[in-house]
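Input: a single structure, listed below in structure tokens.
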Amino acid sequence: MKGTILLICPGAYPLGGIATWLDYLCVGLQEKDWRVVVGLASGRWHDTKKYEQRHEGLTVTRVVNETGSREGRVRAIEAVIKSVNPQLVVGVNIPDCYVAAARCRGTGRWPKIVMTIHAIQPDVYDDATKHAALLDGVVCTNKLACELVRVDSGVNRKRIFYAPYGVADQEITYGNKGLRDPFRLAYVGRLEQGQKSLHDLPQVLDHLEGAGVKYQLIVAGTGPEETWIRRELSARAKKGIIEFLGEIELHAMNERVYDRADALIVTSVWETGPIIIWEAMASGVPVVTSKYIGSGLENSLINNENCLTFPTGDVREAAACITRLMDANLRGKLIQGGYRVVHNKYTQSSSIDAWDRCFTNIMISPDNGREIGHAYSVSHNGRLDRIFGVRLGETIRRALGRQYVHQSAGSEWPHSYGTRNLHDSSFWSLARQLDDAVT
């Protein structure tokens, strides 16, 4: 056996890209002779039982925070690390695991510490900067993310690795589907504005109607803007033009969405995949997508070759791209081009191979200084911490049975401790500059 990998991740993930990735990666790494254990953060907002039912192939251990404090989170992860005894502790949007793993180093245990990056937003790279002295490796699912870690965090270039998402090899089919009347457009993903720019979608439909295009829209996903989009499109929904599918199980995506669609529309501001584009291309569905941040250095989406692209936020041009898909010759060209790019770069087997290489290289590389987590301060959580200090305060809190009541999943198990504002103009300027530097 190569070693044991402990992946620490939230137990509150909706269905989607990261959930798909986690499913196939764990199975694939086990076939590569790794032992893989998923440490699921649990709590009021993290229904690990529901998660386990949906993802039956995973070997899971629950990470239980008895008090709800940050020190409680770190101690809970420490306990799981000591129980599993892994060679690699891999963080999936749970930054508390880096300090917890480093504390275990102080007890003479092995674990190397790995950060995975699945986003392009400033707080995530703050986390990489803060923990750079602890991290033995950072694995990014996007080439721009790799560059941002290199330029923006201070992590040594030799410790930065690239491993993209992939889609199941058996899903890759090729065929020029006949055009339906009316034209069926699919939107798949989290229903929110910040990253996905969901508010552009009704405007795209306005322009399609203005051009006389008869269409139907399939919307698959949930999120904080679900009420808004349902209200915004309610008149069209009553006419049967819009179909809201809600959250779709992973195994049902082809049958319920891609097999029924003539095109996929992506309006995002940034992406590190997205896996939905590779899924659509693998299913023979042409893609119309924004030139989102993260698509430049990746250099896979080529306008008029394997997809149609429009400037982010340009709803008129997005509608024009959809209208162009009425051309059967163009559709065939894009379908074939999409098949090639997925077959060459984004299969699950190639993704698993990449992650296997990354973890193997991190295993055999020199340790990153062996700093221990006690050197990293954990923020105070209330009066007990202020009076007795964080560690003793946590011990007293446990003894007294006190517990914080969190109001959201992100408060219960934060995905980041970065302090930069999401709209930090300097970060986005750097991201665009790096993403445009395609040679």
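A note on labels: chains of the structure tokens are A, B, ... as shown, every chain counts residues from 1, and ligands are counted from 1 in their shown order.
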- Message: List the spatial neighbours of A:Arg420 as an MDAnalysis selection string - criterion: any atom at most 8 Å away, only C-alpha atoms, same-chain residues fewer than 5 positions off excluded.
- Response: chainID A and resid 122:123 126
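Excluding A:Asp367 itself and any same-chain residue fewer than 2 positions from it, the protein and nucleic acid residues within 12 Å of it, counting only C-alpha atoms, are Gln87, Leu88, Ala102, Arg105, Trp110, Pro111, Lys112, Ile113, Val114, Ala133, Leu134, Leu135, Asp136, Gly137, Arg159, Asn361, Ile362, Met363, Ile364, Ser365, Gly369, Arg370 and Glu371 of chain A.
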Please report, as a tab-separated table, each residue of stretch 238-290 of chain A lying at most 12 Å from stretch 346-354 of chain A, together with the nearest pair of atoms and the separation in Å rounded to one decimal; use only C-alpha atoms, and order rows by chain and ascending residue number.
residue	atom	partner	partner_atom	distance
A:Gly273	CA	A:Tyr346	CA	9.7
A:Pro274	CA	A:Tyr346	CA	10.8
A:Ile275	CA	A:Tyr346	CA	8.9
A:Ile276	CA	A:Tyr346	CA	11.4
A:Ile277	CA	A:Tyr346	CA	10.3
A:Trp278	CA	A:Tyr346	CA	6.9
A:Glu279	CA	A:Tyr346	CA	9.4
A:Ala280	CA	A:Tyr346	CA	11.9
A:Met281	CA	A:Tyr346	CA	10.3
A:Ala282	CA	A:Thr347	CA	9.1
I need the chosen residues saved as a JSON list (two decimals), in the first residue's frame, with C-alpha atoms.
[["chain", "number", "residue", "atom", "x", "y", "z"],
["A", 273, "GLY", "CA", -13.60, 23.60, -14.13],
["A", 274, "PRO", "CA", -16.46, 23.54, -14.31],
["A", 275, "ILE", "CA", -17.13, 19.84, -14.42],
["A", 276, "ILE", "CA", -20.58, 20.52, -15.93],
["A", 277, "ILE", "CA", -18.92, 21.73, -19.14],
["A", 278, "TRP", "CA", -16.92, 18.50, -19.46],
["A", 279, "GLU", "CA", -20.05, 16.48, -18.66],
["A", 280, "ALA", "CA", -22.04, 18.29, -21.36],
["A", 281, "MET", "CA", -19.30, 17.88, -23.96],
["A", 282, "ALA", "CA", -18.97, 14.18, -23.07]]
- Message: Just checking: using only C-alpha atoms, which residue out of A:Asp206, A:Glu225, A:Glu271, A:Asp181 ends up closest to A:Gln193?
- Response: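 Ranking A:Asp206, A:Glu225, A:Glu271, A:Asp181 by distance to A:Gln193, first place goes to A:Glu225.
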- Message: Please return, as a PyMOL selection string, all residues of stretch 200-388 of chain A that DSSP assigns to helix (DSSP H, G or I) on the basis of the backbone.
- Response: chain A and resi 200-210+226-232+234-238+250-256+258-260+275-282+315-324+328-345+348-364+373-375+383-388
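Nearest to A:Arg432 of all the residues A:Val269, A:Cys321, A:Ile335, A:Ala399 is A:Val269, based on only C-alpha atoms.
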- Task: Find the residues around stretch 56-62 of chain A up to 6 Å (only C-alpha atoms counted), leave out those fewer than 3 positions away in its own chain, and share them as a VMD selection string.
- Result: chain A and resid 37 to 40 52 to 53
With N, CA and C atoms retained, export the selected residues as a tab-separated table (two decimals), in the first residue's frame.
chain	number	residue	atom	x	y	z
A	37	VAL	N	-9.60	7.67	3.46
A	37	VAL	CA	-10.64	7.89	4.45
A	37	VAL	C	-11.12	9.34	4.32
A	38	VAL	N	-12.43	9.52	4.33
A	38	VAL	CA	-13.01	10.87	4.26
A	38	VAL	C	-13.44	11.29	5.66
A	39	GLY	N	-12.83	12.34	6.17
A	39	GLY	CA	-13.24	12.91	7.45
A	39	GLY	C	-14.30	13.96	7.21
A	40	LEU	N	-15.56	13.65	7.49
A	40	LEU	CA	-16.66	14.56	7.21
A	40	LEU	C	-16.96	15.44	8.42
A	52	GLU	N	-23.51	10.44	3.59
A	52	GLU	CA	-23.07	9.05	3.46
A	52	GLU	C	-24.05	8.23	2.64
A	53	GLN	N	-25.33	8.51	2.77
A	53	GLN	CA	-26.34	7.78	2.01
A	53	GLN	C	-26.20	8.06	0.51
- Note on the structure: Of A:Lys158, A:Val405, A:Ser290, A:Lys32, the one nearest to A:Lys196 when counting only C-alpha atoms is A:Ser290
